[in-house]
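Chemist: You'll find final-v7.txt just under this line, and it carries compact mmCIF, C-alpha atoms.
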```
# COMPACT_ATOMS: atom_id res chain seq x y z
CA LEU A 322 96.56 -37.35 -120.09
CA PHE A 323 94.19 -36.81 -117.19
CA MET A 324 94.04 -33.38 -115.64
CA GLY A 325 92.18 -33.12 -112.45
CA GLY A 326 91.21 -30.15 -110.49
CA MET A 327 90.04 -29.43 -107.07
CA LEU A 328 87.49 -26.85 -106.05
CA LEU A 329 88.32 -25.03 -102.86
CA PHE A 330 85.88 -22.88 -101.02
CA SER A 331 85.36 -21.53 -97.58
CA VAL A 332 82.25 -20.93 -95.61
CA ASN A 333 82.15 -17.77 -93.60
CA GLN A 334 79.98 -17.65 -90.56
CA LEU A 335 77.01 -15.39 -91.13
CA LYS A 336 76.10 -12.92 -88.43
CA ALA A 337 72.80 -11.43 -87.40
CA GLN A 338 71.85 -8.28 -85.58
CA VAL A 339 68.58 -8.78 -83.72
CA THR A 340 66.60 -6.07 -81.96
CA ASN A 341 64.71 -7.45 -78.97
CA THR A 342 61.89 -5.37 -77.46
CA GLU A 343 59.54 -5.46 -74.50
CA GLY A 344 56.59 -3.09 -74.07
CA PHE A 345 54.98 -4.91 -71.11
CA GLU A 346 51.79 -5.49 -73.10
CA GLY A 347 51.26 -9.05 -71.84
CA ILE A 348 49.00 -9.53 -68.83
CA THR A 349 51.60 -11.69 -67.05
CA PHE A 350 54.23 -9.68 -65.21
CA VAL A 351 57.13 -10.14 -65.27
CA PRO A 352 57.30 -11.14 -68.94
CA ALA A 353 58.49 -14.66 -69.75
CA GLY A 354 62.22 -15.03 -69.12
CA TRP A 355 62.47 -11.79 -67.11
CA THR A 356 63.40 -11.56 -63.41
CA ASN A 357 62.14 -9.13 -60.76
CA GLU A 358 65.05 -9.27 -58.27
CA ASN A 359 64.55 -7.83 -54.80
CA VAL A 360 67.83 -6.16 -53.86
CA SER A 361 66.49 -4.43 -50.72
CA GLY A 362 63.27 -3.01 -49.27
CA THR A 363 59.72 -3.84 -50.32
CA ASN A 364 59.45 -1.94 -53.58
CA LEU A 365 58.02 -3.83 -56.53
CA TRP A 366 58.13 -3.50 -60.30
CA SER A 367 54.64 -4.01 -61.66
CA ARG A 368 52.66 -3.69 -64.89
CA VAL A 369 50.17 -0.83 -65.08
CA THR A 370 47.96 0.60 -67.81
CA ALA A 371 48.04 4.17 -66.47
CA GLY A 372 50.38 5.93 -64.12
CA THR A 373 49.63 7.66 -60.85
CA THR A 374 51.91 9.95 -58.87
CA PRO A 375 52.49 11.33 -61.42
CA SER A 376 49.48 10.82 -63.68
CA GLN A 377 50.56 9.73 -67.15
CA THR A 378 49.92 7.11 -69.86
CA PRO A 379 52.21 4.48 -71.40
CA HIS A 380 54.70 5.60 -74.03
CA THR A 381 53.16 3.19 -76.56
CA GLY A 382 50.56 0.46 -76.34
CA ALA A 383 48.34 -0.23 -73.37
CA ALA A 384 50.85 -0.91 -70.59
CA GLU A 385 54.16 0.07 -68.99
CA ALA A 386 56.34 -1.02 -66.07
CA LYS A 387 56.12 0.89 -62.78
CA PHE A 388 58.62 1.06 -59.93
CA ASP A 389 56.79 2.12 -56.77
CA SER A 390 58.95 4.78 -55.16
CA TYR A 391 56.07 6.98 -53.95
CA ASN A 392 54.78 4.60 -51.27
CA THR A 393 58.12 3.33 -49.97
CA ASP A 394 60.85 5.53 -48.56
CA ALA A 395 63.73 3.20 -49.42
CA GLY A 396 64.25 0.16 -51.57
CA VAL A 397 65.96 -1.24 -54.61
CA ARG A 398 64.60 -3.75 -57.10
CA ALA A 399 66.06 -4.88 -60.40
CA LEU A 400 64.13 -5.77 -63.55
CA ILE A 401 66.31 -8.18 -65.56
CA THR A 402 65.90 -9.25 -69.21
CA PRO A 403 66.21 -12.82 -70.46
CA ALA A 404 69.71 -13.90 -71.50
CA TYR A 405 70.80 -12.60 -74.88
CA ASP A 406 73.66 -13.46 -77.19
CA LEU A 407 76.58 -11.17 -78.05
CA SER A 408 78.89 -13.95 -79.24
CA ASN A 409 79.08 -12.50 -82.76
CA VAL A 410 79.15 -8.80 -81.93
CA GLY A 411 82.55 -8.47 -83.62
CA SER A 412 83.44 -4.82 -84.16
CA ASN A 413 79.79 -3.71 -83.83
CA THR A 414 78.59 -1.76 -80.80
CA ALA A 415 75.70 -3.43 -79.00
CA THR A 416 73.21 -1.04 -77.42
CA VAL A 417 70.39 -1.11 -74.89
CA SER A 418 67.65 1.48 -74.57
CA PHE A 419 64.38 2.27 -72.86
CA TRP A 420 61.85 5.06 -72.52
CA MET A 421 61.35 6.67 -69.10
CA TYR A 422 58.75 9.13 -67.89
CA ARG A 423 60.49 12.14 -66.29
CA ASP A 424 58.68 14.62 -64.02
CA ASN A 425 59.53 17.43 -61.62
CA GLY A 426 57.58 16.29 -58.55
CA TYR A 427 59.47 15.93 -55.27
CA ASN A 428 62.44 17.56 -56.98
CA GLY A 429 64.80 16.91 -54.07
CA ASN A 430 64.22 13.14 -54.17
CA ALA A 431 66.70 11.21 -56.31
CA ASP A 432 64.53 8.26 -57.39
CA LYS A 433 66.44 6.69 -60.26
CA ILE A 434 67.12 3.87 -62.68
CA ASP A 435 70.65 2.48 -62.76
CA VAL A 436 71.39 0.53 -65.94
CA PHE A 437 73.73 -2.47 -65.78
CA ILE A 438 74.85 -5.41 -67.89
CA ASN A 439 76.06 -8.72 -66.52
CA THR A 440 76.81 -12.27 -67.64
CA THR A 441 74.54 -13.57 -64.85
CA ALA A 442 70.98 -12.56 -63.99
CA THR A 443 71.92 -10.51 -60.92
CA VAL A 444 73.19 -7.06 -60.02
CA VAL A 445 76.07 -8.64 -58.08
CA GLY A 446 79.22 -8.03 -60.12
CA ALA A 447 77.33 -6.18 -62.87
CA THR A 448 78.91 -3.44 -65.01
CA SER A 449 77.27 0.00 -64.80
CA LEU A 450 76.17 1.56 -68.09
CA GLY A 451 74.69 4.72 -66.55
CA THR A 452 71.97 6.33 -64.44
CA VAL A 453 68.75 8.19 -65.26
CA ASN A 454 67.08 10.14 -62.45
CA ARG A 455 63.28 10.27 -62.34
CA ASN A 456 63.30 13.96 -61.49
CA ARG A 457 63.85 15.96 -64.66
CA SER A 458 65.89 18.66 -62.88
CA MET A 459 68.52 16.01 -62.09
CA ALA A 460 70.87 14.39 -64.60
CA PRO A 461 70.22 14.08 -67.42
CA ILE A 462 68.28 17.37 -67.22
CA VAL A 463 65.21 17.84 -69.44
CA VAL A 464 62.91 20.88 -69.57
CA ALA A 465 59.43 19.35 -69.51
CA ASP A 466 57.59 16.40 -68.00
CA GLY A 467 57.25 13.57 -70.48
CA TRP A 468 58.71 10.44 -72.05
CA TYR A 469 62.40 10.40 -73.00
CA GLU A 470 64.48 7.66 -74.61
CA TYR A 471 67.85 6.68 -73.14
CA THR A 472 70.40 4.56 -74.99
CA PHE A 473 73.59 3.04 -73.63
CA ASN A 474 76.48 1.30 -75.38
CA VAL A 475 77.45 -2.15 -74.14
CA PRO A 476 81.21 -2.44 -73.49
CA GLY A 477 83.05 -4.48 -76.13
CA THR A 478 84.20 -6.91 -73.43
CA PHE A 479 80.72 -8.49 -73.42
CA THR A 480 81.06 -11.07 -76.18
CA GLY A 481 79.49 -14.21 -74.73
CA SER A 482 76.20 -15.95 -75.38
CA SER A 483 74.60 -15.10 -71.99
CA ASN A 484 74.20 -11.41 -71.19
CA TYR A 485 71.52 -9.64 -69.16
CA LEU A 486 70.29 -6.04 -69.21
CA ILE A 487 69.46 -4.92 -65.65
CA LEU A 488 67.24 -1.92 -64.88
CA GLN A 489 67.59 -1.23 -61.17
CA GLY A 490 65.04 1.09 -59.59
CA THR A 491 65.97 2.96 -56.42
CA SER A 492 63.40 4.77 -54.27
CA GLU A 493 64.09 8.01 -52.45
CA TYR A 494 60.38 8.44 -51.57
CA GLY A 495 59.57 10.69 -54.50
CA ASN A 496 57.20 10.05 -57.41
CA ASN A 497 56.87 6.65 -59.05
CA ILE A 498 59.13 5.65 -61.93
CA PHE A 499 57.66 4.47 -65.25
CA ILE A 500 59.51 2.79 -68.12
CA ASP A 501 58.34 1.40 -71.45
CA ASP A 502 59.61 0.01 -74.75
CA VAL A 503 62.84 -1.57 -73.52
CA SER A 504 65.08 -2.77 -76.37
CA TRP A 505 68.46 -4.43 -76.67
CA ILE A 506 70.56 -5.53 -79.62
CA SER A 507 71.85 -9.10 -79.75
CA TYR A 508 74.34 -10.66 -82.17
CA PRO A 509 73.69 -14.41 -82.33
CA PRO A 510 75.15 -16.67 -85.02
CA VAL A 511 72.81 -17.32 -87.95
CA CYS A 512 74.45 -20.42 -89.33
CA SER A 513 77.84 -21.73 -90.29
```
Would you mind writing the file's structure down as structure tokens?
Modeler:
Amino acid sequence: LFMGGMLLFSVNQLKAQVTNTEGFEGITFVPAGWTNENVSGTNLWSRVTAGTTPSQTPHTGAAEAKFDSYNTDAGVRALITPAYDLSNVGSNTATVSFWMYRDNGYNGNADKIDVFINTTATVVGATSLGTVNRNRSMAPIVVADGWYEYTFNVPGTFTGSSNYLILQGTSEYGNNIFIDDVSWISYPPVCS
């Protein structure tokens, strides 16, 4: 009598959590895959190795990104990451974060960074994650000049393979804005 058997198995899709970072250390600005979108005005994001107005140094490494709000009385420009994958985020919460230098100069001027996420590399139709004012006496309030880290949760509705973090600088003719060490969590498939 022949007795046969069959082996059944299933393959589950493996998932990965990847932390992506940018410290603006490379000489080329904007970094590869990034976009420097002019929304309005003549303000520019640029790479600097030391800050002026106010005077400060990068959070880590030798460089940082600067939004020139001191020399221009109005303008908006967005710094946009390369596309990143959230297709396997599942029940996890994806986050984005960056470090920003906060100071108390020109304390009536609301120079700020608005943080967005979008499925296209533009601020048009983007979802707001929050705002950080350059002036430390404005929200979120901090007591001393210096570097502070800000982290935002990505809404669970962003589950596709093309997502973009957007850091939009707005000038109100106060001090310059400096950011460094931008990071975002992606959830691409590993294999199946």
Chemist: With distances taken over only C-alpha atoms, which residue among A:Thr356, A:Thr370, A:Gln338, A:Ser483 lies nearest Asp501 of chain A?
Modeler: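 Looking at the shortest contact to Asp501 of chain A, the residue is A:Thr370.
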Chemist: Please return, as number ranges by chain, all polymer residues that have at least one atom within 12 Å of the point (50.2, 5.3, -68.9); use all atoms listed in the file and the file's own coordinate frame.
Modeler: A: 344-346, 368-387, 421-422, 467-468, 497-501
Chemist: Within 10 Å of Thr363 of chain A, counting only C-alpha atoms, which residues qualify if same-chain residues fewer than 6 places away don't, as JSON, numbers by chain?
Modeler: {"A": [389, 390, 392, 393, 394, 395, 396, 397, 398]}
Chemist: Write out the residues from the selection above, keeping C-alpha atoms, as a PDB file, in the coordinates of the input.
Modeler:
```pdb
ATOM      1  CA  ASP A 389      56.790   2.120 -56.770  1.00  0.00           C
ATOM      2  CA  SER A 390      58.950   4.780 -55.160  1.00  0.00           C
ATOM      3  CA  ASN A 392      54.780   4.600 -51.270  1.00  0.00           C
ATOM      4  CA  THR A 393      58.120   3.330 -49.970  1.00  0.00           C
ATOM      5  CA  ASP A 394      60.850   5.530 -48.560  1.00  0.00           C
ATOM      6  CA  ALA A 395      63.730   3.200 -49.420  1.00  0.00           C
ATOM      7  CA  GLY A 396      64.250   0.160 -51.570  1.00  0.00           C
ATOM      8  CA  VAL A 397      65.960  -1.240 -54.610  1.00  0.00           C
ATOM      9  CA  ARG A 398      64.600  -3.750 -57.100  1.00  0.00           C
TER      10      ARG A 398
END
```
Chemist: Between atom CA of Val410 of chain A and atom CA of Thr340 of chain A, what is the distance, to one decimal in Å?
Modeler: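 Calculated distance between atom CA of Val410 of chain A and atom CA of Thr340 of chain A is 12.8 Å.
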Chemist: I'd like the neighbourhood of Thr480 of chain A as a PyMOL selection string, where a residue qualifies if any of its atoms comes within 10 Å (using all atoms listed in the file), though same-chain residues fewer than 5 positions away should be ignored.
Modeler: chain A and resi 406-411+415+440+475+508
Chemist: Of the candidates A:Phe388, A:Trp355, A:Tyr494, A:Tyr405, which shows the shortest atom-to-atom distance to Ala431 of chain A, using all atoms listed in the file?
Modeler: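 Among the listed residues, A:Tyr494 lies closest to Ala431 of chain A.
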Chemist: If we count only C-alpha atoms and set the cut-off at 10 Å, which residues sit around Gln489 of chain A, ignoring sequence neighbours fewer than 2 positions away in its own chain? Please answer as a list in words.
Modeler: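 Contacts, in chain order: Asn357, Glu358, Asn359, Val360, Trp366, Phe388, Val397, Arg398, Ala399, Leu400, Ile401, Lys433, Ile434, Asp435, Val436, Phe437, Val444, Thr452, Leu486, Ile487 and Thr491 of chain A.
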Chemist: Axis-aligned box over every listed atom of segment 455-464 of chain A, padded by 3 Å per side: centre and edges in Å to one decimal, as JSON?
Modeler:
```
{"center_x": 66.9, "center_y": 15.6, "center_z": -65.5, "size_x": 14.0, "size_y": 16.6, "size_z": 14.1}
```
Chemist: Using all atoms listed in the file, can you tell me which of A:Ser492, A:Asn454, A:Thr349, A:Asn413 comes closest to Ala337 of chain A?
Modeler: A:Asn413
Chemist: A:Ala353, A:Met459, A:Val511, A:Val453: which is nearest Pro403 of chain A, counting all atoms listed in the file?
Modeler: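 Between A:Ala353, A:Met459, A:Val511, A:Val453, the residue approaching Pro403 of chain A most closely is A:Ala353.
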Chemist: Would you work out the distance separating atom CA of Gly362 of chain A from atom CA of Arg455 of chain A, expressed in Å to one decimal?
Modeler: 18.6 Å
Chemist: Could you check which of A:Gly481, A:Val445, A:Gly495, A:Val464 is closest to Ser507 of chain A, using only C-alpha atoms?
Modeler: A:Gly481
Chemist: In Å to one decimal, how far is atom CA of Ile438 of chain A from atom CA of Ser482 of chain A?
Modeler: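 Between atom CA of Ser482 of chain A and atom CA of Ile438 of chain A the gap works out to 13.0 Å.
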Chemist: Nearest residue to Thr448 of chain A out of A:Gly490, A:Gly477, A:Pro510, A:Gly354, using all atoms listed in the file?
Modeler: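 Among the listed residues, A:Gly477 lies closest to Thr448 of chain A.
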Chemist: Write segment 383-413 of chain A as a short mmCIF file (atom, residue, chain, number, x, y, z; two decimals), keeping the file's coordinate frame, completed to N, CA and C atoms.
Modeler:
```cif
data_model
loop_
_atom_site.label_atom_id
_atom_site.label_comp_id
_atom_site.auth_asym_id
_atom_site.auth_seq_id
_atom_site.Cartn_x
_atom_site.Cartn_y
_atom_site.Cartn_z
N ALA A 383 49.29 -0.34 -74.47
CA ALA A 383 48.34 -0.23 -73.37
C ALA A 383 48.96 -0.36 -71.99
N ALA A 384 50.27 -0.66 -71.91
CA ALA A 384 50.85 -0.91 -70.59
C ALA A 384 52.29 -0.40 -70.52
N GLU A 385 52.81 -0.37 -69.29
CA GLU A 385 54.16 0.07 -68.99
C GLU A 385 54.59 -0.61 -67.69
N ALA A 386 55.86 -0.50 -67.35
CA ALA A 386 56.34 -1.02 -66.07
C ALA A 386 56.48 0.14 -65.09
N LYS A 387 56.09 -0.13 -63.84
CA LYS A 387 56.12 0.89 -62.78
C LYS A 387 57.00 0.41 -61.64
N PHE A 388 57.87 1.30 -61.16
CA PHE A 388 58.62 1.06 -59.93
C PHE A 388 58.03 1.96 -58.87
N ASP A 389 57.49 1.37 -57.80
CA ASP A 389 56.79 2.12 -56.77
C ASP A 389 57.78 2.78 -55.81
N SER A 390 58.08 4.04 -56.07
CA SER A 390 58.95 4.78 -55.16
C SER A 390 58.16 5.81 -54.35
N TYR A 391 56.89 6.00 -54.67
CA TYR A 391 56.07 6.98 -53.95
C TYR A 391 55.62 6.46 -52.59
N ASN A 392 55.31 5.17 -52.50
CA ASN A 392 54.78 4.60 -51.27
C ASN A 392 55.83 3.98 -50.35
N THR A 393 57.07 3.95 -50.77
CA THR A 393 58.12 3.33 -49.97
C THR A 393 59.31 4.28 -49.90
N ASP A 394 59.79 4.54 -48.71
CA ASP A 394 60.85 5.53 -48.56
C ASP A 394 62.24 5.02 -48.90
N ALA A 395 62.43 3.73 -49.02
CA ALA A 395 63.73 3.20 -49.42
C ALA A 395 63.54 1.81 -50.01
N GLY A 396 64.32 1.49 -50.99
CA GLY A 396 64.25 0.16 -51.57
C GLY A 396 64.84 0.13 -52.96
N VAL A 397 65.32 -1.04 -53.32
CA VAL A 397 65.96 -1.24 -54.61
C VAL A 397 65.46 -2.56 -55.18
N ARG A 398 65.03 -2.53 -56.43
CA ARG A 398 64.60 -3.75 -57.10
C ARG A 398 65.04 -3.69 -58.55
N ALA A 399 65.52 -4.83 -59.04
CA ALA A 399 66.06 -4.88 -60.40
C ALA A 399 65.13 -5.66 -61.32
N LEU A 400 64.88 -5.11 -62.49
CA LEU A 400 64.13 -5.77 -63.55
C LEU A 400 65.16 -6.25 -64.57
N ILE A 401 65.22 -7.58 -64.80
CA ILE A 401 66.31 -8.18 -65.56
C ILE A 401 65.75 -8.91 -66.79
N THR A 402 66.34 -8.63 -67.96
CA THR A 402 65.90 -9.25 -69.21
C THR A 402 66.28 -10.73 -69.25
N PRO A 403 65.71 -11.47 -70.20
CA PRO A 403 66.21 -12.82 -70.46
C PRO A 403 67.64 -12.74 -70.99
N ALA A 404 68.35 -13.85 -70.95
CA ALA A 404 69.71 -13.90 -71.50
C ALA A 404 69.67 -13.59 -72.99
N TYR A 405 70.68 -12.86 -73.45
CA TYR A 405 70.80 -12.60 -74.88
C TYR A 405 72.24 -12.74 -75.33
N ASP A 406 72.40 -13.01 -76.62
CA ASP A 406 73.66 -13.46 -77.19
C ASP A 406 74.43 -12.31 -77.84
N LEU A 407 75.69 -12.14 -77.43
CA LEU A 407 76.58 -11.17 -78.05
C LEU A 407 77.82 -11.87 -78.61
N SER A 408 77.71 -13.18 -78.84
CA SER A 408 78.89 -13.95 -79.24
C SER A 408 79.42 -13.57 -80.62
N ASN A 409 78.62 -12.91 -81.43
CA ASN A 409 79.08 -12.50 -82.76
C ASN A 409 79.00 -10.99 -82.94
N VAL A 410 79.21 -10.26 -81.85
CA VAL A 410 79.15 -8.80 -81.93
C VAL A 410 80.29 -8.24 -82.78
N GLY A 411 81.44 -8.93 -82.80
CA GLY A 411 82.55 -8.47 -83.62
C GLY A 411 82.93 -7.04 -83.31
N SER A 412 83.06 -6.22 -84.34
CA SER A 412 83.44 -4.82 -84.16
C SER A 412 82.21 -3.91 -84.01
N ASN A 413 81.02 -4.49 -84.01
CA ASN A 413 79.79 -3.71 -83.83
C ASN A 413 79.69 -3.23 -82.38
#
```
